[in-house]
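Source file: work_21.cif (mmCIF, C-alpha atoms and all ligand atoms)
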```cif
data_target
#
loop_
_atom_site.label_atom_id
_atom_site.label_comp_id
_atom_site.auth_asym_id
_atom_site.auth_seq_id
_atom_site.Cartn_x
_atom_site.Cartn_y
_atom_site.Cartn_z
CA MET A 1337 -15.25 -34.51 21.36
CA SER A 1338 -18.20 -32.13 21.27
CA GLU A 1339 -18.63 -29.68 18.41
CA GLU A 1340 -18.06 -26.85 20.87
CA SER A 1341 -14.71 -28.01 22.24
CA ARG A 1342 -13.38 -28.37 18.70
CA ASP A 1343 -14.19 -24.76 17.82
CA PRO A 1344 -10.83 -22.96 17.50
CA ALA A 1345 -12.52 -19.70 18.58
CA ARG A 1346 -11.80 -18.61 22.15
CA GLN A 1347 -13.96 -16.08 24.00
CA VAL A 1348 -12.18 -12.85 24.94
CA GLU A 1349 -11.62 -12.36 28.66
CA ALA A 1350 -9.24 -9.61 29.82
CA CYS A 1351 -8.67 -6.59 27.55
CA ARG A 1352 -5.48 -7.14 25.53
CA VAL A 1353 -4.50 -3.49 25.99
CA CYS A 1354 -5.28 -2.59 29.62
CA GLY A 1355 -6.17 -5.88 31.31
CA GLY A 1356 -9.68 -4.64 32.21
CA ALA A 1357 -12.78 -6.80 31.83
CA ASP A 1358 -15.70 -4.35 31.87
CA TRP A 1359 -16.97 -4.83 28.31
CA GLN A 1360 -19.81 -2.98 26.63
CA GLU A 1361 -21.53 -5.06 23.98
CA VAL A 1362 -21.50 -3.31 20.62
CA VAL A 1363 -22.64 -5.66 17.85
CA SER A 1364 -23.17 -9.38 17.48
CA PHE A 1365 -23.41 -10.88 14.01
CA GLY A 1366 -23.78 -14.53 14.98
CA PRO A 1367 -21.64 -17.32 13.55
CA LEU A 1368 -20.05 -16.46 10.18
CA PRO A 1369 -17.39 -18.21 8.08
CA LEU A 1370 -13.83 -16.85 8.00
CA ALA A 1371 -13.85 -13.94 5.55
CA ASN A 1372 -10.77 -15.01 3.56
CA SER A 1373 -11.75 -18.71 3.33
CA TYR A 1374 -12.75 -18.66 -0.34
CA LEU A 1375 -14.20 -22.00 -1.43
CA ASP A 1376 -13.75 -24.30 -4.37
CA PRO A 1377 -17.07 -25.08 -6.06
CA ALA A 1378 -18.63 -28.16 -4.42
CA ASP A 1379 -21.92 -30.01 -4.25
CA SER A 1380 -22.52 -29.19 -0.62
CA PHE A 1381 -21.26 -26.66 1.89
CA ASP A 1382 -22.99 -28.18 4.90
CA ASP A 1383 -19.79 -28.45 6.90
CA GLU A 1384 -18.44 -24.96 6.16
CA PRO A 1385 -17.00 -23.85 9.54
CA ARG A 1386 -18.56 -20.79 11.16
CA HIS A 1387 -17.43 -18.94 14.26
CA PRO A 1388 -19.10 -16.31 16.43
CA LEU A 1389 -18.46 -12.74 15.26
CA GLY A 1390 -19.17 -9.79 17.52
CA VAL A 1391 -17.54 -6.69 18.98
CA VAL A 1392 -17.30 -5.37 22.53
CA SER A 1393 -15.72 -2.16 23.81
CA CYS A 1394 -13.52 -1.99 26.92
CA ARG A 1395 -14.94 0.63 29.25
CA SER A 1396 -11.48 1.52 30.64
CA CYS A 1397 -9.29 1.99 27.55
CA ARG A 1398 -12.00 1.76 24.84
CA LEU A 1399 -10.30 -0.94 22.87
CA MET A 1400 -12.93 -2.41 20.58
CA SER A 1401 -12.31 -6.14 20.46
CA LEU A 1402 -13.87 -9.15 18.83
CA THR A 1403 -15.77 -11.30 21.28
CA HIS A 1404 -13.97 -14.41 19.96
CA THR A 1405 -10.39 -15.06 18.86
CA VAL A 1406 -9.79 -17.70 16.21
CA ASP A 1407 -6.50 -19.62 16.41
CA PRO A 1408 -3.98 -17.78 14.17
CA GLU A 1409 -2.63 -21.10 12.87
CA VAL A 1410 -6.11 -21.68 11.39
CA LEU A 1411 -6.30 -18.14 10.01
CA TYR A 1412 -2.89 -17.44 8.53
CA ARG A 1413 -0.83 -20.46 7.60
CA ARG A 1414 -2.75 -21.01 4.37
CA TYR A 1415 -3.67 -17.47 3.54
CA PHE A 1416 -5.05 -16.09 0.29
CA TYR A 1417 -4.99 -12.43 1.03
CA VAL A 1418 -2.57 -10.64 -1.25
CA THR A 1419 -2.14 -6.92 -1.09
CA SER A 1420 -4.20 -5.33 -3.85
CA ASP A 1421 -2.25 -4.41 -6.90
CA SER A 1422 -4.14 -1.11 -7.03
CA GLU A 1423 -2.91 2.33 -7.96
CA THR A 1424 -4.19 3.69 -4.66
CA ILE A 1425 -2.16 1.24 -2.60
CA THR A 1426 0.99 1.41 -4.72
CA ARG A 1427 0.99 5.19 -4.34
CA HIS A 1428 0.28 4.88 -0.63
CA MET A 1429 3.17 2.46 -0.07
CA ARG A 1430 5.62 4.78 -1.75
CA ALA A 1431 4.33 7.67 0.37
CA ILE A 1432 4.73 5.61 3.57
CA ALA A 1433 8.36 4.81 2.74
CA GLU A 1434 9.13 8.46 2.04
CA LEU A 1435 7.29 9.61 5.15
CA CYS A 1436 9.15 7.24 7.49
CA VAL A 1437 12.58 7.84 6.03
CA GLY A 1438 12.12 11.61 5.66
CA ARG A 1439 10.41 12.52 8.91
CA PHE A 1440 12.67 10.40 11.08
CA ALA A 1441 15.88 11.18 9.20
CA MET A 1442 16.71 7.52 8.57
CA PRO A 1443 20.23 6.96 7.29
CA ARG A 1444 20.65 4.90 4.10
CA GLY A 1445 21.55 1.32 4.88
CA GLY A 1446 19.48 1.25 8.08
CA LEU A 1447 17.46 -1.93 8.60
CA VAL A 1448 13.69 -1.92 8.02
CA VAL A 1449 11.81 -4.96 9.34
CA GLU A 1450 8.18 -5.40 8.33
CA MET A 1451 5.77 -7.73 10.09
CA GLY A 1452 3.01 -9.18 7.92
CA SER A 1453 5.02 -8.15 4.87
CA ASN A 1454 2.86 -10.19 2.46
CA THR A 1455 4.39 -10.30 -1.03
CA GLY A 1456 7.05 -7.69 -0.18
CA GLN A 1457 5.71 -4.72 -2.13
CA GLN A 1458 6.02 -2.25 0.75
CA LEU A 1459 9.56 -3.34 1.61
CA ALA A 1460 10.62 -2.96 -2.01
CA ALA A 1461 9.64 0.74 -1.74
CA PHE A 1462 12.07 1.08 1.21
CA ARG A 1463 14.79 -0.70 -0.73
CA ASP A 1464 14.33 1.87 -3.52
CA LEU A 1465 15.22 4.51 -0.91
CA GLY A 1466 18.47 2.74 -0.03
CA MET A 1467 17.35 0.90 3.11
CA GLU A 1468 18.17 -2.70 4.05
CA ILE A 1469 14.99 -4.76 4.29
CA LEU A 1470 13.68 -7.91 5.97
CA GLY A 1471 10.13 -9.28 5.90
CA VAL A 1472 8.33 -11.55 8.37
CA ASP A 1473 5.07 -13.26 7.41
CA PRO A 1474 3.49 -16.48 8.69
CA ALA A 1475 1.77 -17.27 5.36
CA ARG A 1476 4.34 -19.72 4.07
CA ASP A 1477 3.36 -19.49 0.41
CA LEU A 1478 3.43 -15.69 0.43
CA ALA A 1479 6.76 -15.58 2.27
CA ALA A 1480 8.22 -17.89 -0.38
CA ILE A 1481 6.85 -15.70 -3.19
CA ALA A 1482 8.39 -12.60 -1.56
CA THR A 1483 11.76 -14.27 -0.99
CA GLY A 1484 11.71 -15.57 -4.56
CA SER A 1485 11.20 -12.02 -5.83
CA GLY A 1486 14.23 -10.77 -3.88
CA VAL A 1487 12.59 -9.56 -0.64
CA GLU A 1488 13.99 -11.89 2.04
CA THR A 1489 11.05 -12.94 4.22
CA LEU A 1490 11.05 -15.17 7.30
CA PRO A 1491 8.00 -17.50 7.22
CA ASP A 1492 7.09 -16.78 10.84
CA PHE A 1493 4.63 -15.04 13.11
CA PHE A 1494 6.26 -11.90 14.46
CA SER A 1495 6.71 -12.21 18.25
CA ALA A 1496 9.19 -11.12 20.94
CA ALA A 1497 11.07 -14.36 20.23
CA THR A 1498 11.24 -13.64 16.48
CA ALA A 1499 12.35 -10.07 17.26
CA ALA A 1500 15.20 -11.34 19.46
CA ARG A 1501 16.32 -13.73 16.74
CA ILE A 1502 16.32 -10.97 14.12
CA ALA A 1503 18.31 -8.63 16.40
CA LYS A 1504 20.93 -11.37 16.82
CA GLU A 1505 21.18 -12.42 13.19
CA TYR A 1506 20.54 -9.17 11.31
CA GLY A 1507 21.29 -6.46 13.88
CA ARG A 1508 18.97 -3.84 15.33
CA ALA A 1509 16.34 -2.11 13.24
CA ARG A 1510 15.99 1.56 12.42
CA LEU A 1511 12.35 0.99 11.61
CA VAL A 1512 9.88 -1.76 12.42
CA LEU A 1513 6.75 -1.48 10.35
CA GLY A 1514 3.38 -3.18 10.53
CA ARG A 1515 0.77 -2.15 7.98
CA HIS A 1516 -2.71 -3.46 8.69
CA VAL A 1517 -1.40 -6.32 10.81
CA PHE A 1518 -1.55 -4.91 14.32
CA ALA A 1519 -5.31 -5.34 14.49
CA HIS A 1520 -4.78 -9.04 13.75
CA ILE A 1521 -2.56 -9.66 16.80
CA ASP A 1522 -3.81 -11.03 20.09
CA ASP A 1523 -0.80 -10.70 22.42
CA VAL A 1524 0.04 -7.09 21.48
CA GLY A 1525 2.07 -6.58 24.69
CA ASP A 1526 4.52 -9.28 23.59
CA ILE A 1527 4.89 -7.60 20.20
CA VAL A 1528 5.53 -4.12 21.63
CA ARG A 1529 8.11 -5.46 24.09
CA GLY A 1530 9.77 -7.43 21.28
CA VAL A 1531 9.87 -4.43 18.96
CA ARG A 1532 11.35 -2.27 21.73
CA GLU A 1533 14.26 -4.70 22.04
CA LEU A 1534 14.72 -4.98 18.28
CA LEU A 1535 14.88 -1.21 17.71
CA GLU A 1536 18.05 0.87 17.73
CA PRO A 1537 17.88 3.41 20.60
CA GLU A 1538 16.45 6.06 18.23
CA GLY A 1539 14.57 3.56 16.08
CA VAL A 1540 10.90 3.94 15.21
CA PHE A 1541 7.95 1.56 15.31
CA ALA A 1542 5.35 2.53 12.71
CA ILE A 1543 1.97 0.86 12.51
CA GLU A 1544 -0.93 1.54 10.22
CA VAL A 1545 -4.33 0.47 11.50
CA PRO A 1546 -7.90 1.25 10.51
CA TYR A 1547 -8.99 4.22 12.62
CA ALA A 1548 -11.78 3.24 15.01
CA LEU A 1549 -13.20 6.75 14.80
CA ASP A 1550 -13.62 6.45 11.02
CA MET A 1551 -15.12 3.00 11.38
CA LEU A 1552 -17.68 4.28 13.88
CA GLU A 1553 -18.50 7.51 12.05
CA HIS A 1554 -18.81 5.94 8.60
CA ASN A 1555 -20.62 2.76 9.70
CA GLU A 1556 -17.86 0.53 8.34
CA PHE A 1557 -19.21 -2.52 10.15
CA ASP A 1558 -18.08 -4.82 7.36
CA THR A 1559 -14.44 -4.27 8.35
CA ILE A 1560 -15.35 -6.46 11.31
CA TYR A 1561 -14.25 -10.03 10.60
CA HIS A 1562 -12.39 -12.76 12.45
CA GLU A 1563 -8.95 -11.49 11.43
CA HIS A 1564 -9.54 -8.05 12.92
CA LEU A 1565 -9.31 -8.71 16.63
CA SER A 1566 -8.96 -5.04 17.60
CA TYR A 1567 -10.19 -1.63 16.40
CA TYR A 1568 -7.84 1.09 17.60
CA ALA A 1569 -7.80 4.80 18.29
CA VAL A 1570 -4.77 6.89 19.27
CA SER A 1571 -5.82 6.98 22.94
CA THR A 1572 -6.00 3.19 23.11
CA LEU A 1573 -2.62 2.78 21.45
CA SER A 1574 -1.07 5.33 23.85
CA THR A 1575 -2.25 3.19 26.77
CA LEU A 1576 -0.76 0.11 25.14
CA PHE A 1577 2.64 1.60 24.27
CA GLU A 1578 3.06 3.26 27.66
CA ARG A 1579 2.51 -0.04 29.42
CA HIS A 1580 5.46 -1.54 27.54
CA GLY A 1581 8.15 1.12 27.58
CA MET A 1582 7.30 3.01 24.41
CA ARG A 1583 5.46 6.20 23.55
CA ILE A 1584 3.68 7.63 20.52
CA VAL A 1585 5.63 10.48 18.93
CA ASP A 1586 3.57 11.22 15.84
CA VAL A 1587 0.42 10.22 14.00
CA GLU A 1588 -0.99 10.79 10.50
CA ARG A 1589 -4.44 10.08 9.14
CA ALA A 1590 -4.58 8.27 5.80
CA ALA A 1591 -7.57 7.75 3.52
CA VAL A 1592 -6.87 4.07 2.77
CA HIS A 1593 -9.08 1.16 3.90
CA GLY A 1594 -11.95 3.38 4.96
CA GLY A 1595 -9.76 5.70 7.05
CA SER A 1596 -6.57 4.67 8.80
CA ILE A 1597 -3.97 6.09 11.15
CA ILE A 1598 -0.24 5.69 10.87
CA VAL A 1599 1.14 5.80 14.39
CA PHE A 1600 4.85 6.31 15.05
CA ALA A 1601 6.26 5.25 18.41
CA GLY A 1602 9.73 5.40 19.89
CA ARG A 1603 11.33 3.86 22.94
CA ASP A 1604 10.44 5.84 26.06
CA ASP A 1605 14.13 6.75 26.48
CA ALA A 1606 14.52 8.06 22.92
CA SER A 1607 14.88 11.76 22.21
CA TRP A 1608 11.88 12.22 19.88
CA GLN A 1609 9.58 15.12 20.76
CA GLU A 1610 5.88 14.35 20.59
CA ARG A 1611 4.32 16.16 17.61
CA PRO A 1612 1.10 18.15 18.16
CA ALA A 1613 -0.98 15.75 16.00
CA VAL A 1614 -0.89 13.18 18.81
CA ALA A 1615 -2.60 15.40 21.38
CA GLU A 1616 -4.96 16.75 18.69
CA LEU A 1617 -6.31 13.32 17.78
CA ARG A 1618 -6.59 12.28 21.41
CA ARG A 1619 -8.64 15.41 21.99
CA LEU A 1620 -10.80 14.69 18.94
CA GLU A 1621 -11.46 11.21 20.33
CA ARG A 1622 -12.54 12.63 23.68
CA VAL A 1623 -14.88 15.25 22.25
CA SER A 1624 -16.40 12.93 19.66
CA GLY A 1625 -17.66 10.54 22.31
CA PHE A 1626 -15.15 7.74 21.90
CA PHE A 1627 -15.27 7.14 25.66
CA ASP A 1628 -19.08 7.18 25.93
CA ASP A 1629 -21.34 4.13 25.83
CA ALA A 1630 -23.87 6.11 23.78
CA THR A 1631 -21.49 6.30 20.80
CA TYR A 1632 -21.41 2.51 20.51
CA THR A 1633 -25.15 2.11 20.96
CA ALA A 1634 -25.73 4.65 18.19
CA PHE A 1635 -23.25 2.85 15.90
CA ALA A 1636 -25.06 -0.45 16.47
CA GLY A 1637 -28.35 1.28 15.59
CA ARG A 1638 -26.94 2.57 12.30
CA VAL A 1639 -25.57 -0.87 11.42
CA GLU A 1640 -28.99 -2.35 12.09
CA HIS A 1641 -30.48 0.25 9.75
CA ILE A 1642 -28.14 -0.85 6.92
CA ARG A 1643 -28.92 -4.49 7.64
CA LYS A 1644 -32.61 -3.70 7.26
CA THR A 1645 -32.43 -1.46 4.17
CA LEU A 1646 -29.70 -2.91 1.93
CA PRO A 1647 -31.28 -6.36 1.26
CA PRO A 1648 -34.67 -4.92 0.15
CA LEU A 1649 -32.85 -2.43 -2.07
CA VAL A 1650 -30.93 -5.24 -3.83
CA ARG A 1651 -33.92 -7.58 -3.95
CA GLY A 1652 -36.15 -4.81 -5.30
CA LEU A 1653 -33.80 -4.36 -8.26
CA VAL A 1654 -33.68 -8.13 -8.86
CA ALA A 1655 -37.49 -8.28 -8.66
CA ASP A 1656 -37.61 -5.57 -11.34
CA GLY A 1657 -35.70 -7.94 -13.60
CA LEU A 1658 -32.30 -6.28 -13.22
CA ARG A 1659 -29.10 -8.26 -12.88
CA VAL A 1660 -27.01 -7.43 -9.83
CA ALA A 1661 -23.39 -8.50 -9.26
CA GLY A 1662 -20.72 -7.72 -6.70
CA TYR A 1663 -17.75 -5.50 -7.50
CA GLY A 1664 -14.69 -6.86 -5.72
CA ALA A 1665 -14.62 -9.90 -3.48
CA PRO A 1666 -12.87 -8.38 -0.45
CA ALA A 1667 -12.96 -10.00 2.97
CA LYS A 1668 -15.17 -7.16 4.18
CA GLY A 1669 -17.72 -8.10 1.50
CA ASN A 1670 -18.17 -11.42 3.20
CA THR A 1671 -19.18 -9.73 6.45
CA LEU A 1672 -21.50 -7.40 4.56
CA LEU A 1673 -23.19 -10.25 2.67
CA GLY A 1674 -23.28 -12.50 5.76
CA VAL A 1675 -24.79 -9.85 8.03
CA CYS A 1676 -27.33 -8.81 5.40
CA GLY A 1677 -28.16 -12.39 4.43
CA LEU A 1678 -27.39 -11.73 0.76
CA GLY A 1679 -26.26 -14.67 -1.36
CA SER A 1680 -26.18 -16.28 -4.77
CA ASP A 1681 -29.94 -15.76 -5.23
CA ASP A 1682 -29.34 -12.03 -5.09
CA LEU A 1683 -25.96 -11.48 -6.72
CA GLU A 1684 -25.19 -13.39 -9.90
CA PHE A 1685 -21.41 -13.22 -9.53
CA CYS A 1686 -18.63 -11.01 -8.21
CA VAL A 1687 -15.67 -9.69 -10.16
CA ASP A 1688 -12.25 -9.40 -8.56
CA THR A 1689 -8.78 -8.62 -9.88
CA THR A 1690 -7.08 -11.16 -7.56
CA ASP A 1691 -6.05 -14.27 -9.56
CA LEU A 1692 -6.21 -16.49 -6.47
CA LYS A 1693 -9.88 -15.62 -5.86
CA GLN A 1694 -11.12 -16.11 -9.43
CA GLY A 1695 -12.87 -19.45 -9.95
CA LYS A 1696 -13.63 -19.70 -6.24
CA LEU A 1697 -16.81 -18.95 -4.32
CA GLN A 1698 -17.31 -16.44 -1.57
CA PRO A 1699 -17.41 -17.98 1.89
CA GLY A 1700 -20.93 -18.07 3.33
CA ALA A 1701 -22.62 -16.38 0.38
CA HIS A 1702 -21.25 -18.93 -2.16
CA ILE A 1703 -21.30 -16.39 -4.99
CA PRO A 1704 -18.92 -17.29 -7.85
CA ILE A 1705 -15.96 -14.97 -8.35
CA HIS A 1706 -14.88 -14.06 -11.88
CA SER A 1707 -12.30 -11.82 -13.51
CA PRO A 1708 -13.07 -8.20 -14.39
CA ALA A 1709 -12.91 -9.32 -18.05
CA TYR A 1710 -15.85 -11.65 -17.40
CA GLY A 1711 -17.72 -8.71 -15.89
CA ALA A 1712 -17.02 -6.62 -18.97
CA GLN A 1713 -18.36 -9.41 -21.22
CA HIS A 1714 -21.48 -10.03 -19.09
CA PRO A 1715 -22.12 -6.61 -17.59
CA PRO A 1716 -24.85 -6.62 -14.95
CA ASP A 1717 -27.25 -3.69 -14.60
CA VAL A 1718 -26.04 -2.87 -11.12
CA TYR A 1719 -22.86 -3.59 -9.18
CA LEU A 1720 -22.92 -3.72 -5.39
CA LEU A 1721 -19.58 -2.10 -4.57
CA LEU A 1722 -18.18 -4.52 -2.00
CA ALA A 1723 -14.69 -2.97 -2.35
CA TRP A 1724 -16.06 0.48 -1.40
CA ASN A 1725 -12.69 1.51 0.03
CA TYR A 1726 -11.51 1.89 -3.59
CA ALA A 1727 -14.68 3.72 -4.69
CA GLU A 1728 -12.87 6.63 -6.28
CA GLU A 1729 -10.48 4.48 -8.31
CA ILE A 1730 -13.18 2.00 -9.33
CA LEU A 1731 -15.79 4.58 -10.37
CA ARG A 1732 -13.12 6.24 -12.50
CA LYS A 1733 -12.12 2.92 -14.06
CA GLU A 1734 -15.74 1.89 -14.72
CA ARG A 1735 -16.77 5.11 -16.41
CA ALA A 1736 -17.83 3.27 -19.58
CA PHE A 1737 -20.06 0.92 -17.55
CA LEU A 1738 -21.71 3.90 -15.87
CA GLU A 1739 -22.06 5.85 -19.10
CA SER A 1740 -23.79 2.93 -20.74
CA GLY A 1741 -26.45 3.07 -18.01
CA GLY A 1742 -24.83 0.84 -15.38
CA ARG A 1743 -25.19 1.73 -11.71
CA PHE A 1744 -23.34 1.05 -8.46
CA ILE A 1745 -24.77 0.57 -5.00
CA VAL A 1746 -22.30 1.93 -2.44
CA PRO A 1747 -23.27 0.20 0.84
CA VAL A 1748 -21.65 2.46 3.48
CA PRO A 1749 -21.94 4.86 5.26
CA GLU A 1750 -25.49 4.40 3.97
CA PRO A 1751 -26.67 2.46 0.95
CA ARG A 1752 -26.86 4.80 -2.05
CA ILE A 1753 -27.06 4.38 -5.80
CA VAL A 1754 -24.46 6.01 -8.02
CA SER A 1755 -25.06 6.48 -11.73
CA ALA A 1756 -23.29 8.45 -14.49
CA GLU A 1757 -25.13 11.64 -13.47
CA ASP A 1758 -23.43 11.58 -10.06
CA LEU A 1759 -19.91 11.67 -11.50
P1 LIG A 1801 -9.12 -5.06 0.25
O1 LIG A 1801 -9.20 -3.61 0.12
O2 LIG A 1801 -7.79 -5.65 0.41
O3 LIG A 1801 -10.10 -5.41 1.40
P2 LIG A 1801 -10.26 -6.55 2.51
O4 LIG A 1801 -9.20 -6.25 3.52
O5 LIG A 1801 -11.65 -6.33 3.00
O6 LIG A 1801 -10.08 -7.89 1.82
O7 LIG A 1801 -9.82 -5.78 -0.97
C1 LIG A 1801 -10.14 -5.19 -2.14
C2 LIG A 1801 -10.58 -6.29 -3.10
O8 LIG A 1801 -11.12 -5.65 -4.24
C3 LIG A 1801 -9.45 -7.18 -3.53
O9 LIG A 1801 -9.88 -8.52 -3.54
C4 LIG A 1801 -9.15 -6.70 -4.96
C5 LIG A 1801 -10.47 -6.14 -5.40
N1 LIG A 1801 -10.38 -5.04 -6.36
C6 LIG A 1801 -10.95 -5.23 -7.62
O10 LIG A 1801 -11.49 -6.30 -7.91
N2 LIG A 1801 -10.88 -4.20 -8.53
C7 LIG A 1801 -10.27 -3.02 -8.22
O11 LIG A 1801 -10.23 -2.11 -9.06
C8 LIG A 1801 -9.69 -2.84 -6.92
C9 LIG A 1801 -9.03 -1.56 -6.55
C10 LIG A 1801 -9.79 -3.88 -6.02
ZN ZN A 1802 -8.96 -2.03 27.91
#
```

Whole structure given in structure tokens:
Amino acid sequence: MSEESRDPARQVEACRVCGGADWQEVVSFGPLPLANSYLDPADSFDDEPRHPLGVVSCRSCRLMSLTHTVDPEVLYRRYFYVTSDSETITRHMRAIAELCVGRFAMPRGGLVVEMGSNTGQQLAAFRDLGMEILGVDPARDLAAIATGSGVETLPDFFSAATAARIAKEYGRARLVLGRHVFAHIDDVGDIVRGVRELLEPEGVFAIEVPYALDMLEHNEFDTIYHEHLSYYAVSTLSTLFERHGMRIVDVERAAVHGGSIIVFAGRDDASWQERPAVAELRRLERVSGFFDDATYTAFAGRVEHIRKTLPPLVRGLVADGLRVAGYGAPAKGNTLLGVCGLGSDDLEFCVDTTDLKQGKLQPGAHIPIHSPAYGAQHPPDVYLLLAWNYAEEILRKERAFLESGGRFIVPVPEPRIVSAEDL
């Protein structure tokens, strides 16, 4: 078998939202390793798998899609990503539960089903509000951890077939939730049709996705990695839902993960009135150039600028004898390092709070990952803030590092250095 035919990455053909095939090329980052495939230390990484990574934009519905889709069995069955145990996210999850239950007047005891429920933290927040809960997650180890902690979780991919099985065994759902999973799904039509059947007549489907407008405006190119097949705006999601018997009834912007939207949809025969925020964001998308080729060309130009300026900034500091390390080892950091060609010659180590990542190496860049305690014992002069989506929380937490002369490089929207004086 040739190397090519064994590659589990398939090239995108028709648009998964509208079926169109008129794609505008946006960025192409070449072959990169999977961003969550952290490595055990080894003598050689010659056979580390790499797959093409690039983004195109559909000229009809403006879905931004990866150029290649990696087989989900390869991506998710043995999955290391665990939801960050951060203050920001814990607070956000509680707010989501209150928002859904409050705004849509959900009766206690109603069933909440979450797809991609990870270790069950979000569902536990719904249980605290008196809801029945059920998780679905294909990562078998994580599903077992969640079930073990009292959040029943089916170790499956969510699909129309899974939805039908849940409806039969557990009854219909008042709420189906998907936080930061929708962008990972290829056959989104199947999911929307499945959710429609699973919902009670007045049930709600809530998804949280990174907002494509924020990604474009703030140059968040590192959120592009093989797991994120799609980058959505409200207009694109409206097209999708309407094709499958649902409609958006409300939307909220949220500051997490570089800017996200929480989109609420109901069945097209439900009685929900569309809230003004839906039309407002669709208008914002139109006037900010979301439908124009020029917007994507300009984004690609800004990404290229970061790719050209960040490595010399880091290498200049290293050449001056300073020690540079990475703060956080998020998946997005692996795109950032891969695109910029930064590696273990540039960054001495990375610190990350996730137990499962400590002791491993970053895919592609092969930088060792240590605990924050290690970082505190061997403080570098400068941290490259790979987990920039938690900038506020991290800069607050690392006050002592900054006050003792330490600095951070924040890579997006444009590389800048933050020191104690900037606080
Ligand atoms: P995450 O935001 O989940 O991003 P991605 O989807 O790109 O993986 O990752 C944040 C990472 O940063 C995660 O590995 C935990 C780590 N982290 C720290 O090390 N310290 C911190 O204070 C916070 C908030 C996160
Ligand atoms: Zn399309």

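Put simply, CA of Arg1444 in chain A is 19.3 Å away from CA of Ile1502 in chain A.
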
Of the candidates A:Glu1616, A:Glu1553, A:His1404, A:Leu1692, which shows the shortest atom-to-atom distance to Asp1376 in chain A, using all atoms listed in the file?
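Of A:Glu1616, A:Glu1553, A:His1404, A:Leu1692, the one nearest Asp1376 in chain A, counting all atoms listed in the file, is A:Leu1692.
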
For ligand LIG 1801 (chain A), list the contacting residues at 10 Å or closer, counting only C-alpha atoms and all ligand atoms, as an MDAnalysis selection string.
chainID A and resid 1371:1372 1416:1425 1516 1558:1561 1563:1564 1592:1594 1662:1671 1686:1694 1705:1708 1721:1734

Enumerate residues in contact with ligand ZN 1802 (chain A): an atom-to-atom distance of at most 6 Å, counting all atoms listed in the file. Format the result as a list of chain:residue names.
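What falls inside 6 Å of ligand ZN 1802 (chain A) is A:Cys1351, A:Val1353, A:Cys1354, A:Gly1355, A:Gly1356, A:Cys1394, A:Ser1396, A:Cys1397, A:Arg1398, A:Leu1399.
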
Measure the distance from CA of Gly1471 in chain A to CA of Val1540 in chain A in Å and round it to one decimal.
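Atom-to-atom, CA of Gly1471 in chain A to CA of Val1540 in chain A, that is 16.2 Å.
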
Contacts of Arg1603 in chain A at 10 Å (all atoms listed in the file; same-chain gap of 3+ positions) as an MDAnalysis selection string
chainID A and resid 1528:1529 1531:1533 1535:1541 1577:1578 1580:1585 1606:1608

Can you work out the spacing between CA of Gln1698 in chain A and CA of Pro1546 in chain A in Å, to one decimal?
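So the answer is 23.4 Å.
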
At a cut-off of 12 Å, can you tabulate as CSV every residue of range 1502-1588 of chain A near range 1624-1627 of chain A together with its closest atom pair and the distance in Å to one decimal, using all atoms listed in the file and ordering rows by chain then number?
```
residue,atom,partner,partner_atom,distance
A:Tyr1547,CA,A:Phe1626,CA,11.7
A:Ala1548,CA,A:Phe1626,CA,8.9
A:Leu1549,CA,A:Phe1626,CA,7.4
A:Asp1550,CA,A:Phe1626,CA,11.1
A:Met1551,CA,A:Phe1626,CA,11.5
A:Leu1552,CA,A:Phe1626,CA,9.1
A:Glu1553,CA,A:Ser1624,CA,9.6
A:Tyr1567,CA,A:Phe1626,CA,11.9
A:Tyr1568,CA,A:Phe1626,CA,10.8
A:Ala1569,CA,A:Phe1626,CA,8.7
A:Val1570,CA,A:Phe1626,CA,10.7
A:Ser1571,CA,A:Phe1626,CA,9.4
A:Thr1572,CA,A:Phe1626,CA,10.3
```

Could you check which of A:Val1675, A:Val1718, A:Ile1481, A:Leu1368 is closest to Ile1745 in chain A, using only C-alpha atoms?
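When distances to Ile1745 in chain A are compared using only C-alpha atoms, the smallest one comes from A:Val1718.
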
Rank A:His1387, A:Arg1618, A:Arg1579, A:Arg1430 by their smallest atom-to-atom distance to Asp1604 in chain A, using only C-alpha atoms, and report the top residue only.
A:Arg1579

Of A:Glu1750, A:Asp1473, A:Asp1379, A:Asp1605, the one nearest to Tyr1412 in chain A when counting only C-alpha atoms is A:Asp1473

Within 8 Å of Pro1704 in chain A, counting all atoms listed in the file, which residues qualify if same-chain residues fewer than 3 places away don't, as a ChimeraX atom specification?
/A:1680,1684-1686,1695-1698

Keeping only C-alpha atoms, take the residues you just selected and write them out as a PDB file, keeping the file's coordinate frame.
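Output file out_38.pdb follows:
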```pdb
ATOM      1  CA  SER A1680     -26.180 -16.280  -4.770  1.00  0.00           C
ATOM      2  CA  GLU A1684     -25.190 -13.390  -9.900  1.00  0.00           C
ATOM      3  CA  PHE A1685     -21.410 -13.220  -9.530  1.00  0.00           C
ATOM      4  CA  CYS A1686     -18.630 -11.010  -8.210  1.00  0.00           C
ATOM      5  CA  GLY A1695     -12.870 -19.450  -9.950  1.00  0.00           C
ATOM      6  CA  LYS A1696     -13.630 -19.700  -6.240  1.00  0.00           C
ATOM      7  CA  LEU A1697     -16.810 -18.950  -4.320  1.00  0.00           C
ATOM      8  CA  GLN A1698     -17.310 -16.440  -1.570  1.00  0.00           C
TER       9      GLN A1698
END
```

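The list of residues with at least one atom within 8 Å of Gly1445 in chain A, based on only C-alpha atoms and without residues fewer than 3 positions apart in the same chain, reads A:Gly1466, A:Met1467, A:Glu1468.
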